[in-house]
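Coordinates as given in coords-v8.txt (compact mmCIF, C-alpha atoms):
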```
# COMPACT_ATOMS: atom_id res chain seq x y z
CA ILE H 22 138.63 65.39 102.57
CA ARG H 23 139.91 68.96 102.57
CA ASP H 24 138.76 69.41 98.97
CA ARG H 25 135.23 68.39 99.92
CA VAL H 26 135.12 70.78 102.88
CA SER H 27 136.37 73.71 100.81
CA THR H 28 133.89 72.88 98.01
CA GLN H 29 131.00 72.72 100.47
CA SER H 30 131.84 76.07 102.02
CA THR H 31 132.16 77.80 98.62
CA GLY H 32 128.92 76.13 97.49
CA HIS H 33 127.12 77.62 100.49
CA LYS H 34 128.56 81.06 99.70
CA HIS H 35 127.43 80.64 96.10
CA LEU H 36 123.84 79.84 97.19
CA THR H 37 123.78 82.82 99.54
CA ASN H 38 125.10 85.03 96.77
CA MET H 39 122.53 83.69 94.32
CA SER H 40 119.60 84.22 96.72
CA THR H 41 120.75 87.80 97.32
CA THR H 42 120.89 88.37 93.56
CA ILE H 43 117.42 86.90 93.06
CA GLN H 44 116.02 89.04 95.87
CA SER H 45 117.49 92.21 94.37
CA GLN H 46 116.06 91.29 90.95
CA VAL H 47 112.60 90.79 92.46
CA GLU H 48 112.82 94.15 94.23
CA HIS H 49 113.87 95.79 90.96
CA LEU H 50 110.90 94.26 89.12
CA GLN H 51 108.49 95.32 91.85
CA ALA H 52 109.79 98.88 91.67
CA LYS H 53 109.60 98.93 87.87
CA TYR H 54 106.22 97.21 87.44
CA VAL H 55 103.57 98.24 89.95
CA GLY H 56 101.31 95.26 89.21
CA THR H 57 103.80 92.63 90.38
CA GLY H 58 102.73 93.18 93.97
CA ASN H 59 104.69 92.40 97.10
CA ALA H 60 104.28 90.52 100.36
CA ASP H 61 101.97 93.23 101.71
CA SER H 62 99.60 93.23 98.72
CA THR H 63 96.07 92.14 99.52
CA ARG H 64 94.13 89.70 97.40
CA HIS H 65 91.90 92.55 96.20
CA GLU H 66 94.85 94.74 95.16
CA TRP H 67 96.34 91.85 93.20
CA ALA H 68 93.05 91.11 91.44
CA VAL H 69 92.56 94.79 90.55
CA GLN H 70 96.04 94.96 88.99
CA GLN H 71 95.44 91.77 86.99
CA LYS H 72 92.12 93.01 85.61
CA ARG H 73 93.51 96.45 84.77
CA ASP H 74 96.45 94.88 82.96
CA ALA H 75 94.07 92.66 81.00
CA TYR H 76 91.83 95.59 79.99
CA ALA H 77 94.87 97.66 79.02
CA SER H 78 96.06 94.78 76.83
CA TYR H 79 92.64 94.44 75.18
CA ILE H 80 92.55 98.16 74.44
CA GLY H 81 96.17 98.31 73.29
CA HIS H 82 95.92 95.43 70.79
CA PRO H 83 93.54 96.31 67.95
CA ALA H 84 92.98 92.66 66.99
CA LEU H 85 91.84 91.79 70.53
CA LEU H 86 89.57 94.81 70.64
CA GLU H 87 88.04 93.80 67.31
CA TYR H 88 87.58 90.24 68.57
CA PHE H 89 85.64 91.50 71.60
CA SER H 90 83.59 93.92 69.52
CA VAL H 91 82.53 91.12 67.15
CA ALA H 92 81.78 88.75 70.05
CA LEU H 93 79.70 91.41 71.85
CA ASN H 94 78.14 92.69 68.60
CA GLU H 95 79.11 96.25 69.55
CA PRO H 96 81.18 98.91 67.77
CA LYS H 97 84.89 98.88 68.61
CA GLU H 98 84.76 102.35 70.15
CA ARG H 99 81.89 101.44 72.46
CA VAL H 100 83.75 98.30 73.63
CA ARG H 101 86.90 100.38 74.18
CA CYS H 102 84.92 102.90 76.28
CA GLN H 103 83.34 100.07 78.30
CA PHE H 104 86.78 98.61 79.00
CA LEU H 105 88.09 102.02 80.07
CA ALA H 106 85.12 102.46 82.40
CA ASN H 107 85.69 98.97 83.84
CA MET H 108 89.28 99.89 84.68
CA VAL H 109 88.11 102.35 87.36
CA GLN H 110 86.97 99.63 89.79
CA PRO H 111 87.33 96.32 87.96
CA CYS H 112 86.67 94.19 91.06
CA GLY H 113 84.21 96.48 92.83
CA PRO H 114 84.96 98.63 95.84
CA PRO H 115 87.79 97.49 98.09
CA PRO H 116 86.74 95.44 101.11
CA GLN H 117 86.66 97.19 104.44
CA SER H 118 89.66 96.60 106.62
CA GLU H 119 89.15 95.50 110.21
CA ALA H 120 90.35 98.88 111.50
CA THR H 121 87.78 100.75 109.38
CA ALA H 122 84.97 98.41 110.44
CA ILE H 123 85.82 98.94 114.13
CA ASP H 124 85.94 102.74 113.73
CA GLU H 125 82.44 102.80 112.20
CA ASP H 126 80.91 100.85 115.10
```

Rewrite the coordinates I just gave you, this time as structure tokens.
Amino acid sequence: IRDRVSTQSTGHKHLTNMSTTIQSQVEHLQAKYVGTGNADSTRHEWAVQQKRDAYASYIGHPALLEYFSVALNEPKERVRCQFLANMVQPCGPPPQSEATAIDED
């Protein structure tokens, strides 16, 4: 019985240790990569980061850029410029927060 009790208590410590390690890894990733978001990220912020990452990938991989240029029947440079322009506000303007809407009334 003592062996079981000691195993259970060390198992609990192990889980606590592991959750602390996972939490620190998540914080490290969020600090390193801006687009990973956090608990305070809004749906709009998350969508903007996803679209910008996608456009950056399309521009950064010549084969993808060529694929889009053939599909759109446009020169590669024009498609690249369109993607760069779309990165400014890929999901439109941010929605008004409740505080901003109240201040305008």

As a short mmCIF file (atom, residue, chain, number, x, y, z; two decimals) with C-alpha atoms, in the frame of the given file, please: the residues near range 96-110 of chain H (cut-off 7 Å, all atoms listed in the file, same-chain neighbours under 6 positions excluded).
```
data_model
loop_
_atom_site.label_atom_id
_atom_site.label_comp_id
_atom_site.auth_asym_id
_atom_site.auth_seq_id
_atom_site.Cartn_x
_atom_site.Cartn_y
_atom_site.Cartn_z
CA ARG H 73 93.51 96.45 84.77
CA TYR H 76 91.83 95.59 79.99
CA ILE H 80 92.55 98.16 74.44
CA LEU H 86 89.57 94.81 70.64
CA GLU H 87 88.04 93.80 67.31
CA SER H 90 83.59 93.92 69.52
#
```

**Q.** Who sits within 12 Å of Gly58 in chain H, only C-alpha atoms, same chain under 2 positions skipped, as number ranges by chain
**A.** H: 47-56, 60-71

Write the residues you've just listed into a file as a PDB file, in the frame of the given file, and include C-alpha atoms for each of them.
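Resulting contents of part_34.pdb:
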```pdb
ATOM      1  CA  VAL H  47     112.600  90.790  92.460  1.00  0.00           C
ATOM      2  CA  GLU H  48     112.820  94.150  94.230  1.00  0.00           C
ATOM      3  CA  HIS H  49     113.870  95.790  90.960  1.00  0.00           C
ATOM      4  CA  LEU H  50     110.900  94.260  89.120  1.00  0.00           C
ATOM      5  CA  GLN H  51     108.490  95.320  91.850  1.00  0.00           C
ATOM      6  CA  ALA H  52     109.790  98.880  91.670  1.00  0.00           C
ATOM      7  CA  LYS H  53     109.600  98.930  87.870  1.00  0.00           C
ATOM      8  CA  TYR H  54     106.220  97.210  87.440  1.00  0.00           C
ATOM      9  CA  VAL H  55     103.570  98.240  89.950  1.00  0.00           C
ATOM     10  CA  GLY H  56     101.310  95.260  89.210  1.00  0.00           C
ATOM     11  CA  ALA H  60     104.280  90.520 100.360  1.00  0.00           C
ATOM     12  CA  ASP H  61     101.970  93.230 101.710  1.00  0.00           C
ATOM     13  CA  SER H  62      99.600  93.230  98.720  1.00  0.00           C
ATOM     14  CA  THR H  63      96.070  92.140  99.520  1.00  0.00           C
ATOM     15  CA  ARG H  64      94.130  89.700  97.400  1.00  0.00           C
ATOM     16  CA  HIS H  65      91.900  92.550  96.200  1.00  0.00           C
ATOM     17  CA  GLU H  66      94.850  94.740  95.160  1.00  0.00           C
ATOM     18  CA  TRP H  67      96.340  91.850  93.200  1.00  0.00           C
ATOM     19  CA  ALA H  68      93.050  91.110  91.440  1.00  0.00           C
ATOM     20  CA  VAL H  69      92.560  94.790  90.550  1.00  0.00           C
ATOM     21  CA  GLN H  70      96.040  94.960  88.990  1.00  0.00           C
ATOM     22  CA  GLN H  71      95.440  91.770  86.990  1.00  0.00           C
TER      23      GLN H  71
END
```

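Relative to CA of Asp74 in chain H, CA of Gln117 in chain H is found at 23.7 Å.
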
Q. Do you have the CA of Gln46 in chain H-CA of Asn59 in chain H distance handy?
A. 13.0 Å

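CA of Tyr79 in chain H to CA of Pro114 in chain H spans 22.4 Å [interatomic distance, one decimal].
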